[in-house]
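Student: So here's run.pdb (PDB, C-alpha atoms).
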ATOM      1  CA  MET A 847      -5.361   7.775  40.679
ATOM      2  CA  ASN A 848      -5.508   6.802  37.051
ATOM      3  CA  ALA A 849      -8.687   5.111  35.895
ATOM      4  CA  PRO A 850      -8.282   1.381  35.217
ATOM      5  CA  ARG A 851      -7.496   0.619  31.604
ATOM      6  CA  VAL A 852     -10.429  -0.956  29.762
ATOM      7  CA  ARG A 853      -9.537  -4.078  27.800
ATOM      8  CA  VAL A 854     -10.966  -4.251  24.309
ATOM      9  CA  ALA A 855     -12.770  -7.521  23.537
ATOM     10  CA  ARG A 856     -11.125  -8.681  20.311
ATOM     11  CA  ARG A 857     -12.989 -10.599  17.625
ATOM     12  CA  PRO A 858     -12.233 -12.288  14.308
ATOM     13  CA  VAL A 859     -12.403  -9.740  11.484
ATOM     14  CA  HIS A 860     -11.561 -10.699   7.892
ATOM     15  CA  GLY A 861     -11.108  -8.255   5.046
ATOM     16  CA  VAL A 862      -9.243  -5.225   3.707
ATOM     17  CA  LEU A 863      -9.703  -1.635   4.762
ATOM     18  CA  LEU A 864      -8.373   1.083   2.495
ATOM     19  CA  LEU A 865      -7.172   3.872   4.748
ATOM     20  CA  ASP A 866      -6.235   7.369   3.637
ATOM     21  CA  LYS A 867      -3.259   7.569   6.009
ATOM     22  CA  PRO A 868      -3.067  10.931   7.742
ATOM     23  CA  LEU A 869      -0.031  13.172   7.709
ATOM     24  CA  GLY A 870       2.407  12.618  10.551
ATOM     25  CA  TRP A 871       1.265   9.103  11.417
ATOM     26  CA  SER A 872       3.493   6.080  10.972
ATOM     27  CA  SER A 873       1.907   3.194   9.079
ATOM     28  CA  ASN A 874       2.033   1.010  12.180
ATOM     29  CA  ASP A 875       0.394   3.658  14.377
ATOM     30  CA  ALA A 876      -2.430   3.965  11.831
ATOM     31  CA  LEU A 877      -2.787   0.179  11.696
ATOM     32  CA  GLN A 878      -2.988  -0.157  15.479
ATOM     33  CA  LYS A 879      -5.597   2.601  15.674
ATOM     34  CA  VAL A 880      -7.844   0.957  13.057
ATOM     35  CA  LYS A 881      -7.298  -2.475  14.620
ATOM     36  CA  TRP A 882      -8.523  -1.029  17.910
ATOM     37  CA  LEU A 883     -11.541   0.631  16.259
ATOM     38  CA  LEU A 884     -12.544  -2.676  14.630
ATOM     39  CA  ARG A 885     -11.644  -4.719  17.732
ATOM     40  CA  ALA A 886      -9.830  -7.059  15.348
ATOM     41  CA  GLU A 887      -7.750 -10.003  16.552
ATOM     42  CA  LYS A 888      -5.199 -10.013  13.751
ATOM     43  CA  ALA A 889      -4.010  -7.241  11.439
ATOM     44  CA  GLY A 890      -1.138  -6.183   9.196
ATOM     45  CA  HIS A 891      -0.384  -3.481   6.656
ATOM     46  CA  THR A 892       0.972  -3.855   3.142
ATOM     47  CA  GLY A 893       4.181  -1.863   3.257
ATOM     48  CA  THR A 894       4.994   1.362   5.043
ATOM     49  CA  LEU A 895       4.274   4.935   4.082
ATOM     50  CA  ASP A 896       6.556   7.582   5.585
ATOM     51  CA  PRO A 897       4.960   9.777   8.275
ATOM     52  CA  LEU A 898       5.401  12.663   5.798
ATOM     53  CA  ALA A 899       3.283  10.813   3.217
ATOM     54  CA  THR A 900      -0.489  10.505   3.061
ATOM     55  CA  GLY A 901      -2.770   8.361   0.935
ATOM     56  CA  VAL A 902      -3.648   4.770   0.153
ATOM     57  CA  LEU A 903      -2.646   2.318   2.867
ATOM     58  CA  PRO A 904      -4.384  -1.076   2.531
ATOM     59  CA  LEU A 905      -4.819  -2.647   5.966
ATOM     60  CA  CYS A 906      -5.369  -6.412   6.114
ATOM     61  CA  PHE A 907      -7.367  -8.168   8.792
ATOM     62  CA  GLY A 908      -7.610 -11.851   9.650
ATOM     63  CA  ALA A 909      -7.379 -14.097   6.593
ATOM     64  CA  ALA A 910      -6.440 -11.139   4.384
ATOM     65  CA  THR A 911      -3.021 -10.939   6.095
ATOM     66  CA  LYS A 912      -2.090 -14.151   4.245
ATOM     67  CA  PHE A 913      -2.156 -12.259   0.957
ATOM     68  CA  SER A 914      -0.628  -8.929   2.023
ATOM     69  CA  GLN A 915       2.603  -9.707   0.135
ATOM     70  CA  LEU A 916       0.679  -9.198  -3.116
ATOM     71  CA  GLN A 917       0.276  -5.524  -2.265
ATOM     72  CA  LEU A 918       3.914  -5.231  -1.215
ATOM     73  CA  ASP A 919       4.849  -6.358  -4.725
ATOM     74  CA  ALA A 920       2.236  -4.230  -6.514
ATOM     75  CA  ASP A 921       2.886  -1.158  -8.656
ATOM     76  CA  LYS A 922       2.245   2.157  -6.911
ATOM     77  CA  THR A 923       1.195   5.647  -8.031
ATOM     78  CA  TYR A 924       2.314   8.768  -6.180
ATOM     79  CA  GLU A 925       1.868  12.490  -6.499
ATOM     80  CA  ALA A 926       4.404  14.801  -4.939
ATOM     81  CA  THR A 927       5.345  18.445  -4.701
ATOM     82  CA  LEU A 928       8.938  19.081  -5.761
ATOM     83  CA  CYS A 929      10.613  22.273  -4.532
ATOM     84  CA  LEU A 930      13.458  23.293  -6.832
ATOM     85  CA  GLY A 931      16.680  24.962  -5.772
ATOM     86  CA  VAL A 932      16.786  23.573  -2.228
ATOM     87  CA  LYS A 933      18.391  20.283  -1.144
ATOM     88  CA  THR A 934      17.816  18.796   2.295
ATOM     89  CA  SER A 935      19.559  16.081   4.309
ATOM     90  CA  THR A 936      16.609  13.695   3.914
ATOM     91  CA  ALA A 937      15.434  14.779   0.415
ATOM     92  CA  ASP A 938      12.150  15.910   1.975
ATOM     93  CA  ALA A 939      10.808  18.744   4.103
ATOM     94  CA  GLU A 940      11.737  17.031   7.385
ATOM     95  CA  GLY A 941      15.476  17.355   6.771
ATOM     96  CA  GLU A 942      17.868  20.253   7.239
ATOM     97  CA  VAL A 943      18.687  22.473   4.277
ATOM     98  CA  ILE A 944      22.140  21.489   3.066
ATOM     99  CA  GLU A 945      22.377  23.441  -0.182
ATOM    100  CA  THR A 946      20.593  26.135  -2.167
ATOM    101  CA  ARG A 947      21.128  26.900  -5.845
ATOM    102  CA  PRO A 948      19.672  29.323  -8.378
ATOM    103  CA  VAL A 949      16.920  27.896 -10.578
ATOM    104  CA  ALA A 950      17.170  28.478 -14.308
ATOM    105  CA  VAL A 951      14.771  25.879 -15.630
ATOM    106  CA  GLY A 952      12.390  26.093 -18.568
ATOM    107  CA  ALA A 953       9.640  23.942 -20.033
ATOM    108  CA  ALA A 954      12.103  22.236 -22.398
ATOM    109  CA  ASP A 955      14.277  21.195 -19.445
ATOM    110  CA  VAL A 956      11.285  19.714 -17.631
ATOM    111  CA  ALA A 957      10.232  17.767 -20.754
ATOM    112  CA  ARG A 958      13.781  16.434 -21.201
ATOM    113  CA  VAL A 959      14.019  15.249 -17.613
ATOM    114  CA  GLN A 960      10.548  13.716 -17.735
ATOM    115  CA  ALA A 961      11.653  11.531 -20.651
ATOM    116  CA  GLN A 962      15.005  10.780 -18.980
ATOM    117  CA  PHE A 963      13.345   9.336 -15.868
ATOM    118  CA  THR A 964      10.603   7.354 -17.605
ATOM    119  CA  GLY A 965      11.259   3.623 -18.027
ATOM    120  CA  LYS A 966      13.902   1.557 -16.276
ATOM    121  CA  ILE A 967      16.219   3.623 -14.104
ATOM    122  CA  ARG A 968      18.712   2.952 -11.316
ATOM    123  CA  GLN A 969      18.369   4.398  -7.836
ATOM    124  CA  LEU A 970      20.689   4.557  -4.851
ATOM    125  CA  PRO A 971      18.549   3.812  -1.766
ATOM    126  CA  PRO A 972      18.538   6.818   0.583
ATOM    127  CA  MET A 973      20.193   6.637   3.977
ATOM    128  CA  HIS A 974      16.926   7.753   5.560
ATOM    129  CA  SER A 975      15.051   4.552   4.668
ATOM    130  CA  ALA A 976      13.962   1.310   6.330
ATOM    131  CA  LEU A 977      16.184  -0.791   4.056
ATOM    132  CA  LYS A 978      18.455  -2.930   6.210
ATOM    133  CA  LYS A 979      22.200  -3.511   6.163
ATOM    134  CA  ASP A 980      23.721  -6.055   8.553
ATOM    135  CA  GLY A 981      20.345  -6.351  10.287
ATOM    136  CA  LYS A 982      20.060  -2.634  10.972
ATOM    137  CA  ALA A 983      17.820  -0.088   9.193
ATOM    138  CA  LEU A 984      19.695   2.524   7.158
ATOM    139  CA  TYR A 985      17.931   5.357   9.008
ATOM    140  CA  GLU A 986      19.530   4.137  12.246
ATOM    141  CA  TYR A 987      22.979   4.626  10.703
ATOM    142  CA  ALA A 988      21.879   8.014   9.343
ATOM    143  CA  ARG A 989      20.701   9.193  12.763
ATOM    144  CA  ALA A 990      24.109   8.243  14.165
ATOM    145  CA  GLY A 991      25.802  10.307  11.459
ATOM    146  CA  ILE A 992      27.141   7.224   9.659
ATOM    147  CA  GLU A 993      26.847   6.763   5.916
ATOM    148  CA  VAL A 994      27.174   3.171   4.702
ATOM    149  CA  GLU A 995      27.819   1.853   1.232
ATOM    150  CA  ARG A 996      24.667   0.919  -0.712
ATOM    151  CA  ALA A 997      24.240  -0.741  -4.083
ATOM    152  CA  SER A 998      22.059   0.962  -6.673
ATOM    153  CA  ARG A 999      18.913  -0.883  -7.701
ATOM    154  CA  GLU A1000      16.903  -1.000 -10.908
ATOM    155  CA  VAL A1001      13.312   0.187 -10.688
ATOM    156  CA  GLN A1002      10.786   1.080 -13.347
ATOM    157  CA  ILE A1003       8.862   4.302 -13.801
ATOM    158  CA  PHE A1004       5.921   3.317 -15.976
ATOM    159  CA  GLU A1005       4.491   6.828 -16.228
ATOM    160  CA  LEU A1006       5.890  10.183 -15.168
ATOM    161  CA  GLN A1007       4.298  13.622 -15.356
ATOM    162  CA  LEU A1008       6.102  16.794 -14.335
ATOM    163  CA  THR A1009       4.019  19.970 -14.301
ATOM    164  CA  TRP A1010       4.886  23.491 -13.252
ATOM    165  CA  VAL A1011       2.663  24.582 -10.375
ATOM    166  CA  THR A1012       3.906  28.150 -10.723
ATOM    167  CA  THR A1013       7.103  29.755 -11.906
ATOM    168  CA  GLU A1014       6.614  32.695  -9.529
ATOM    169  CA  ALA A1015       6.911  30.713  -6.295
ATOM    170  CA  LEU A1016      10.086  30.923  -4.252
ATOM    171  CA  PRO A1017      11.346  28.294  -4.499
ATOM    172  CA  PRO A1018       9.756  27.262  -7.820
ATOM    173  CA  VAL A1019       7.492  24.207  -7.492
ATOM    174  CA  ILE A1020       6.817  21.259  -9.794
ATOM    175  CA  LYS A1021       4.020  18.710  -9.348
ATOM    176  CA  LEU A1022       5.261  15.154  -9.883
ATOM    177  CA  VAL A1023       2.976  12.182 -10.627
ATOM    178  CA  ALA A1024       4.667   8.782 -11.012
ATOM    179  CA  LYS A1025       3.408   5.249 -11.506
ATOM    180  CA  CYS A1026       6.276   2.986 -10.512
ATOM    181  CA  SER A1027       7.390  -0.519  -9.599
ATOM    182  CA  LYS A1028       7.853  -1.727  -6.039
ATOM    183  CA  GLY A1029      10.993  -0.528  -4.302
ATOM    184  CA  THR A1030      10.945   2.925  -5.931
ATOM    185  CA  TYR A1031      11.919   5.779  -3.607
ATOM    186  CA  ILE A1032       9.999   8.888  -4.637
ATOM    187  CA  ARG A1033      12.210  11.103  -2.465
ATOM    188  CA  THR A1034      15.220   9.812  -4.377
ATOM    189  CA  LEU A1035      13.413  10.260  -7.693
ATOM    190  CA  GLY A1036      12.664  13.871  -6.808
ATOM    191  CA  GLU A1037      16.233  14.506  -5.685
ATOM    192  CA  ASP A1038      17.647  12.922  -8.858
ATOM    193  CA  ILE A1039      15.305  14.998 -11.018
ATOM    194  CA  GLY A1040      16.545  18.107  -9.232
ATOM    195  CA  GLU A1041      20.141  17.139  -9.991
ATOM    196  CA  ALA A1042      19.283  16.489 -13.654
ATOM    197  CA  LEU A1043      17.755  19.973 -13.817
ATOM    198  CA  GLY A1044      20.974  21.370 -12.345
ATOM    199  CA  CYS A1045      19.370  23.109  -9.368
ATOM    200  CA  GLY A1046      18.708  20.408  -6.783
ATOM    201  CA  ALA A1047      15.323  19.698  -5.215
ATOM    202  CA  HIS A1048      13.449  18.133  -2.311
ATOM    203  CA  LEU A1049       9.892  16.886  -1.717
ATOM    204  CA  SER A1050       7.626  19.128   0.323
ATOM    205  CA  ALA A1051       4.614  16.797   0.089
ATOM    206  CA  LEU A1052       4.004  13.176  -0.900
ATOM    207  CA  ARG A1053       0.733  11.328  -1.423
ATOM    208  CA  ARG A1054       0.139   7.753  -2.601
ATOM    209  CA  ILE A1055      -2.920   7.810  -4.846
ATOM    210  CA  GLY A1056      -2.932   4.208  -6.043
ATOM    211  CA  THR A1057      -1.577   0.770  -5.260
ATOM    212  CA  GLY A1058      -2.255  -2.576  -6.911
ATOM    213  CA  GLY A1059      -5.623  -1.617  -8.390
ATOM    214  CA  PHE A1060      -6.800   0.307  -5.320
ATOM    215  CA  ASP A1061      -7.422   4.040  -5.665
ATOM    216  CA  VAL A1062      -7.407   6.846  -3.117
ATOM    217  CA  ALA A1063     -11.046   7.576  -3.992
ATOM    218  CA  GLN A1064     -11.931   4.233  -2.351
ATOM    219  CA  CYS A1065     -10.247   5.152   0.924
ATOM    220  CA  VAL A1066     -11.753   6.179   4.227
ATOM    221  CA  THR A1067     -10.103   8.644   6.572
ATOM    222  CA  LEU A1068      -9.252   7.919  10.188
ATOM    223  CA  GLU A1069     -11.458  10.827  11.261
ATOM    224  CA  ALA A1070     -14.436   9.352   9.397
ATOM    225  CA  LEU A1071     -13.841   5.900  10.901
ATOM    226  CA  GLU A1072     -13.807   7.330  14.411
ATOM    227  CA  ALA A1073     -17.189   8.971  13.774
ATOM    228  CA  MET A1074     -18.810   5.723  12.602
ATOM    229  CA  THR A1075     -20.673   3.047  14.465
ATOM    230  CA  GLU A1076     -19.110  -0.415  14.632
ATOM    231  CA  VAL A1077     -21.531  -1.648  11.969
ATOM    232  CA  GLN A1078     -20.515   1.159   9.624
ATOM    233  CA  ARG A1079     -16.819   0.462  10.193
ATOM    234  CA  LEU A1080     -17.281  -3.181   9.262
ATOM    235  CA  ALA A1081     -19.132  -2.039   6.134
ATOM    236  CA  CYS A1082     -15.928  -0.330   4.995
ATOM    237  CA  LEU A1083     -14.108  -3.675   4.757
ATOM    238  CA  LEU A1084     -13.523  -5.100   1.303
ATOM    239  CA  PRO A1085     -13.611  -8.910   1.038
ATOM    240  CA  VAL A1086     -10.394 -10.879   1.366
ATOM    241  CA  ASP A1087     -10.417 -11.780  -2.328
ATOM    242  CA  SER A1088     -10.225  -8.092  -3.295
ATOM    243  CA  LEU A1089      -6.470  -8.680  -2.939
ATOM    244  CA  LEU A1090      -6.689 -11.354  -5.662
ATOM    245  CA  GLY A1091      -8.436  -9.293  -8.308
ATOM    246  CA  ASP A1092      -5.939 -10.069 -11.065
ATOM    247  CA  HIS A1093      -5.859 -13.829 -10.368
ATOM    248  CA  ALA A1094      -7.343 -16.504 -12.587
ATOM    249  CA  VAL A1095     -10.280 -18.313 -10.978
ATOM    250  CA  VAL A1096     -10.723 -22.044 -10.273
ATOM    251  CA  THR A1097     -13.860 -23.434  -8.615
ATOM    252  CA  LEU A1098     -13.825 -26.808  -6.853
ATOM    253  CA  ASP A1099     -16.667 -29.106  -5.783
ATOM    254  CA  ALA A1100     -17.011 -30.067  -2.107
ATOM    255  CA  ASP A1101     -14.844 -33.190  -2.305
ATOM    256  CA  ASN A1102     -11.982 -31.522  -4.175
ATOM    257  CA  ALA A1103     -12.288 -28.384  -2.039
ATOM    258  CA  GLY A1104     -11.687 -30.427   1.101
ATOM    259  CA  ARG A1105      -8.676 -32.161  -0.385
ATOM    260  CA  PHE A1106      -7.279 -28.871  -1.669
ATOM    261  CA  LEU A1107      -7.574 -27.348   1.819
ATOM    262  CA  SER A1108      -5.590 -30.323   3.127
ATOM    263  CA  GLY A1109      -2.730 -29.228   0.868
ATOM    264  CA  LEU A1110      -3.299 -31.883  -1.822
ATOM    265  CA  ARG A1111      -2.814 -31.068  -5.494
ATOM    266  CA  ARG A1112      -5.817 -31.460  -7.780
ATOM    267  CA  ARG A1113      -5.915 -32.244 -11.494
ATOM    268  CA  GLY A1114      -8.152 -30.642 -14.094
ATOM    269  CA  ASP A1115      -8.288 -29.112 -17.549
ATOM    270  CA  TRP A1116      -7.193 -25.683 -16.323
ATOM    271  CA  PRO A1117      -4.725 -23.620 -18.351
ATOM    272  CA  ASP A1118      -1.363 -22.813 -16.802
ATOM    273  CA  ALA A1119      -1.506 -19.784 -14.508
ATOM    274  CA  ALA A1120       0.998 -18.362 -12.027
ATOM    275  CA  GLN A1121      -1.683 -16.834  -9.807
ATOM    276  CA  VAL A1122      -5.034 -18.504  -9.154
ATOM    277  CA  ALA A1123      -7.822 -17.724  -6.684
ATOM    278  CA  VAL A1124      -9.578 -20.950  -5.661
ATOM    279  CA  TYR A1125     -13.245 -21.025  -4.604
ATOM    280  CA  ALA A1126     -15.745 -23.615  -3.364
ATOM    281  CA  SER A1127     -18.574 -24.199  -5.822
ATOM    282  CA  GLU A1128     -21.009 -24.667  -2.929
ATOM    283  CA  ASP A1129     -21.157 -20.999  -1.901
ATOM    284  CA  ALA A1130     -18.371 -19.244  -3.868
ATOM    285  CA  MET A1131     -16.291 -19.026  -0.687
ATOM    286  CA  LEU A1132     -12.598 -18.270  -1.151
ATOM    287  CA  LEU A1133     -10.376 -21.210  -0.186
ATOM    288  CA  GLY A1134      -6.959 -19.780  -0.960
ATOM    289  CA  ALA A1135      -4.413 -19.067  -3.669
ATOM    290  CA  ALA A1136      -2.630 -21.524  -5.941
ATOM    291  CA  ARG A1137      -0.917 -21.931  -9.298
ATOM    292  CA  VAL A1138      -1.649 -24.248 -12.210
ATOM    293  CA  VAL A1139       1.158 -26.129 -13.961
ATOM    294  CA  ALA A1140       0.397 -28.730 -16.651
ATOM    295  CA  GLY A1141      -3.191 -29.172 -15.470
ATOM    296  CA  GLU A1142      -2.208 -29.532 -11.826
ATOM    297  CA  LEU A1143      -3.573 -27.141  -9.203
ATOM    298  CA  ILE A1144      -0.791 -26.558  -6.677
ATOM    299  CA  PRO A1145      -1.871 -25.028  -3.333
ATOM    300  CA  GLY A1146      -0.197 -21.836  -2.134
ATOM    301  CA  ARG A1147      -1.561 -19.731   0.735
ATOM    302  CA  LEU A1148      -4.681 -21.438   2.124
ATOM    303  CA  LEU A1149      -7.410 -20.241   4.450
ATOM    304  CA  SER A1150      -7.968 -22.358   7.535
ATOM    305  CA  PRO A1151     -11.313 -24.124   8.085
ATOM    306  CA  ILE A1152     -11.908 -21.839  11.077
ATOM    307  CA  GLU A1153     -11.350 -18.715   8.963
ATOM    308  CA  ILE A1154     -13.687 -20.017   6.270
ATOM    309  CA  GLU A1155     -16.449 -20.740   8.784
ATOM    310  CA  GLN A1156     -16.032 -17.314  10.370
ATOM    311  CA  MET A1157     -16.324 -15.679   6.948
ATOM    312  CA  ARG A1158     -19.375 -17.803   6.121
ATOM    313  CA  SER A1159     -21.056 -16.685   9.314
ATOM    314  CA  VAL A1160     -20.983 -13.042   8.234
ATOM    315  CA  LYS A1161     -24.058 -12.700   6.038
ATOM    316  CA  PRO A1162     -25.592  -9.470   4.677
ATOM    317  CA  ASN A1163     -28.708  -8.346   6.491
ATOM    318  CA  VAL A1164     -31.770  -6.823   4.827
ATOM    319  CA  THR A1165     -32.716  -4.979   8.015
ATOM    320  CA  ASP A1166     -32.086  -1.351   8.840
ATOM    321  CA  ALA A1167     -28.687  -2.400  10.160
ATOM    322  CA  GLY A1168     -27.976  -3.911   6.759
ATOM    323  CA  THR A1169     -28.876  -0.639   5.092
ATOM    324  CA  GLU A1170     -26.510   1.102   7.490
ATOM    325  CA  MET A1171     -23.745  -1.344   6.575
ATOM    326  CA  SER A1172     -24.078  -0.736   2.863
ATOM    327  CA  ALA A1173     -24.229   3.031   3.238
ATOM    328  CA  GLY A1174     -21.742   3.600   6.057
ATOM    329  CA  CYS A1175     -18.587   4.477   4.168
ATOM    330  CA  ALA A1176     -20.384   6.281   1.370
ATOM    331  CA  VAL A1177     -22.100   8.588   3.865
ATOM    332  CA  LEU A1178     -19.182   9.326   6.172
ATOM    333  CA  ASN A1179     -16.092   9.046   3.987
TER     334      ASN A1179
END
Will you turn the file into structure tokens for me?

Tutor:
Amino acid sequence: MNAPRVRVARRPVHGVLLLDKPLGWSSNDALQKVKWLLRAEKAGHTGTLDPLATGVLPLCFGAATKFSQLQLDADKTYEATLCLGVKTSTADAEGEVIETRPVAVGAADVARVQAQFTGKIRQLPPMHSALKKDGKALYEYARAGIEVERASREVQIFELQLTWVTTEALPPVIKLVAKCSKGTYIRTLGEDIGEALGCGAHLSALRRIGTGGFDVAQCVTLEALEAMTEVQRLACLLPVDSLLGDHAVVTLDADNAGRFLSGLRRRGDWPDAAQVAVYASEDAMLLGAARVVAGELIPGRLLSPIEIEQMRSVKPNVTDAGTEMSAGCAVLN
């Protein structure tokens, strides 16, 4: 007989964990694993990474899930390995080889293409993507052998670096580093660069090294998390307002804080701002996000009183456990 399944006692957890997503894991599988390790009640990720890709995957817990859209909209930075001369059905190493071509590419060609794909460009979303048409993901059509019409989209490549890894490899390999706007498909970028070089190409590796101000150096691996104690895992959480790092700041006294949390607009001498993080002056506790128009503070996503009290109840300790909390990720990451 199978042993009875042990139920995990969930608890309120609020914050952001920066995971270095392992190769071969879907973003949702990684999220569910970390949610289980933290015993968290509520969790969500900030946009998917392909199973082929590794790197920065911000995971939001509790109140942080209210602001996950900010990371969906954030600029991203990727590094990838581009194999020249070989095209695949999915534009990456998971697909079948559909074409091979000779490679006659020099440094001048690479420099030309690097300039060509820097700035605003148009991309045709790949069939092997989660983009939906008529309520169905494109990859579902692709798996059924159906190609559907897609409209090209404008994206922006803020920075692009193409560097020969070696010219002696077969096939020849280029390292690609791109900082780009949301909605950019790096597999498509690599494939388009291969076409511009005249030899075709596919990605053999993809790693996200930055997103919305977060860097891969801040991330913890799944293996390290599994080796930690619960206290150390909680120490890896960044505060909820780490998602609001580029917001203007407004602080409200107790009376105005209560009214703001009720959804009421407040007036003050604040300058106009599209994105504002609002705090209580009493203890610098985050209340939510807002915008300021003509001196009026207009509530956006707000924390609930329960969430605020739960976050207030988590106070740093100066005991040995507190030392463990502050050192946990640094020691085991």

Student: When you count only C-alpha atoms, which of these residues is closest to A:Ala1047: A:Arg1105, A:Arg1147, A:Arg1111, A:Arg1033?

Tutor: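 Using only C-alpha atoms, A:Ala1047 sits closest to A:Arg1033.
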
Student: Report, in Å to a single decimal, how far apart atom CA of A:Ser1027 and atom CA of A:Phe963 are.

Tutor: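 Between atom CA of A:Phe963 and atom CA of A:Ser1027 the gap works out to 13.1 Å.
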
Student: Find the spatial neighbours of stretch 1123-1139 of chain A, counting all atoms listed in the file, within a cut-off of 8 Å - ignore same-chain residues fewer than 6 positions away - and output them as an mmCIF file with C-alpha atoms, in the coordinates of the input.

Tutor:
data_model
loop_
_atom_site.group_PDB
_atom_site.id
_atom_site.type_symbol
_atom_site.label_atom_id
_atom_site.label_comp_id
_atom_site.auth_asym_id
_atom_site.auth_seq_id
_atom_site.Cartn_x
_atom_site.Cartn_y
_atom_site.Cartn_z
ATOM 1 C CA ASP A 1087 -10.417 -11.780 -2.328
ATOM 2 C CA LEU A 1090 -6.689 -11.354 -5.662
ATOM 3 C CA HIS A 1093 -5.859 -13.829 -10.368
ATOM 4 C CA ALA A 1094 -7.343 -16.504 -12.587
ATOM 5 C CA VAL A 1095 -10.280 -18.313 -10.978
ATOM 6 C CA VAL A 1096 -10.723 -22.044 -10.273
ATOM 7 C CA THR A 1097 -13.860 -23.434 -8.615
ATOM 8 C CA LEU A 1098 -13.825 -26.808 -6.853
ATOM 9 C CA ASP A 1099 -16.667 -29.106 -5.783
ATOM 10 C CA ALA A 1100 -17.011 -30.067 -2.107
ATOM 11 C CA ALA A 1103 -12.288 -28.384 -2.039
ATOM 12 C CA LEU A 1107 -7.574 -27.348 1.819
ATOM 13 C CA TRP A 1116 -7.193 -25.683 -16.323
ATOM 14 C CA PRO A 1117 -4.725 -23.620 -18.351
ATOM 15 C CA PRO A 1145 -1.871 -25.028 -3.333
ATOM 16 C CA GLY A 1146 -0.197 -21.836 -2.134
ATOM 17 C CA ARG A 1147 -1.561 -19.731 0.735
ATOM 18 C CA LEU A 1148 -4.681 -21.438 2.124
ATOM 19 C CA LEU A 1149 -7.410 -20.241 4.450
ATOM 20 C CA ILE A 1154 -13.687 -20.017 6.270
ATOM 21 C CA ARG A 1158 -19.375 -17.803 6.121
#

Student: Determine, counting all atoms listed in the file, which protein, DNA and RNA residues have an atom within 10 Å of an atom of A:Val1160; residues of the same chain fewer than 3 positions away are not included. Present the result as a ChimeraX atom specification.

Tutor: /A:859-860,1155-1157,1163

Student: In Å, rounded to a single decimal, give me how far atom CA of A:Leu1022 is from atom CA of A:Ala954.

Tutor: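 Separation between atom CA of A:Ala954 and atom CA of A:Leu1022: 15.9 Å.
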
Student: What does the distance from atom CA of A:Glu940 to atom CA of A:Leu869 come to in Å, to one decimal?

Tutor: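 Between atom CA of A:Glu940 and atom CA of A:Leu869 the gap is 12.4 Å.
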
Student: Write a file for stretch 1131-1142 of chain A of the given structure; include N, CA and C atoms and format it as a short mmCIF file (atom, residue, chain, number, x, y, z; two decimals), in the first residue's frame.

Tutor:
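Done, and the output landed in decode29.cif:
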data_model
loop_
_atom_site.label_atom_id
_atom_site.label_comp_id
_atom_site.auth_asym_id
_atom_site.auth_seq_id
_atom_site.Cartn_x
_atom_site.Cartn_y
_atom_site.Cartn_z
N MET A 1131 5.20 51.12 6.53
CA MET A 1131 4.61 49.92 5.94
C MET A 1131 3.98 50.26 4.59
N LEU A 1132 4.24 49.42 3.60
CA LEU A 1132 3.65 49.62 2.28
C LEU A 1132 2.14 49.45 2.36
N LEU A 1133 1.41 50.39 1.73
CA LEU A 1133 -0.05 50.32 1.68
C LEU A 1133 -0.56 49.90 0.31
N GLY A 1134 0.19 50.26 -0.73
CA GLY A 1134 -0.23 49.91 -2.08
C GLY A 1134 0.39 50.83 -3.11
N ALA A 1135 -0.11 50.75 -4.32
CA ALA A 1135 0.37 51.56 -5.43
C ALA A 1135 -0.72 52.54 -5.85
N ALA A 1136 -0.29 53.65 -6.46
CA ALA A 1136 -1.23 54.69 -6.85
C ALA A 1136 -0.61 55.51 -7.97
N ARG A 1137 -1.32 56.55 -8.37
CA ARG A 1137 -0.77 57.56 -9.28
C ARG A 1137 -1.21 58.93 -8.79
N VAL A 1138 -0.46 59.95 -9.15
CA VAL A 1138 -0.78 61.31 -8.74
C VAL A 1138 -1.09 62.13 -9.99
N VAL A 1139 -2.27 62.74 -10.00
CA VAL A 1139 -2.69 63.62 -11.10
C VAL A 1139 -3.21 64.91 -10.49
N ALA A 1140 -2.57 66.03 -10.83
CA ALA A 1140 -3.01 67.35 -10.37
C ALA A 1140 -3.16 67.39 -8.85
N GLY A 1141 -2.18 66.85 -8.13
CA GLY A 1141 -2.19 66.88 -6.68
C GLY A 1141 -3.13 65.89 -6.03
N GLU A 1142 -3.71 64.98 -6.80
CA GLU A 1142 -4.64 64.01 -6.25
C GLU A 1142 -4.02 62.62 -6.32
#
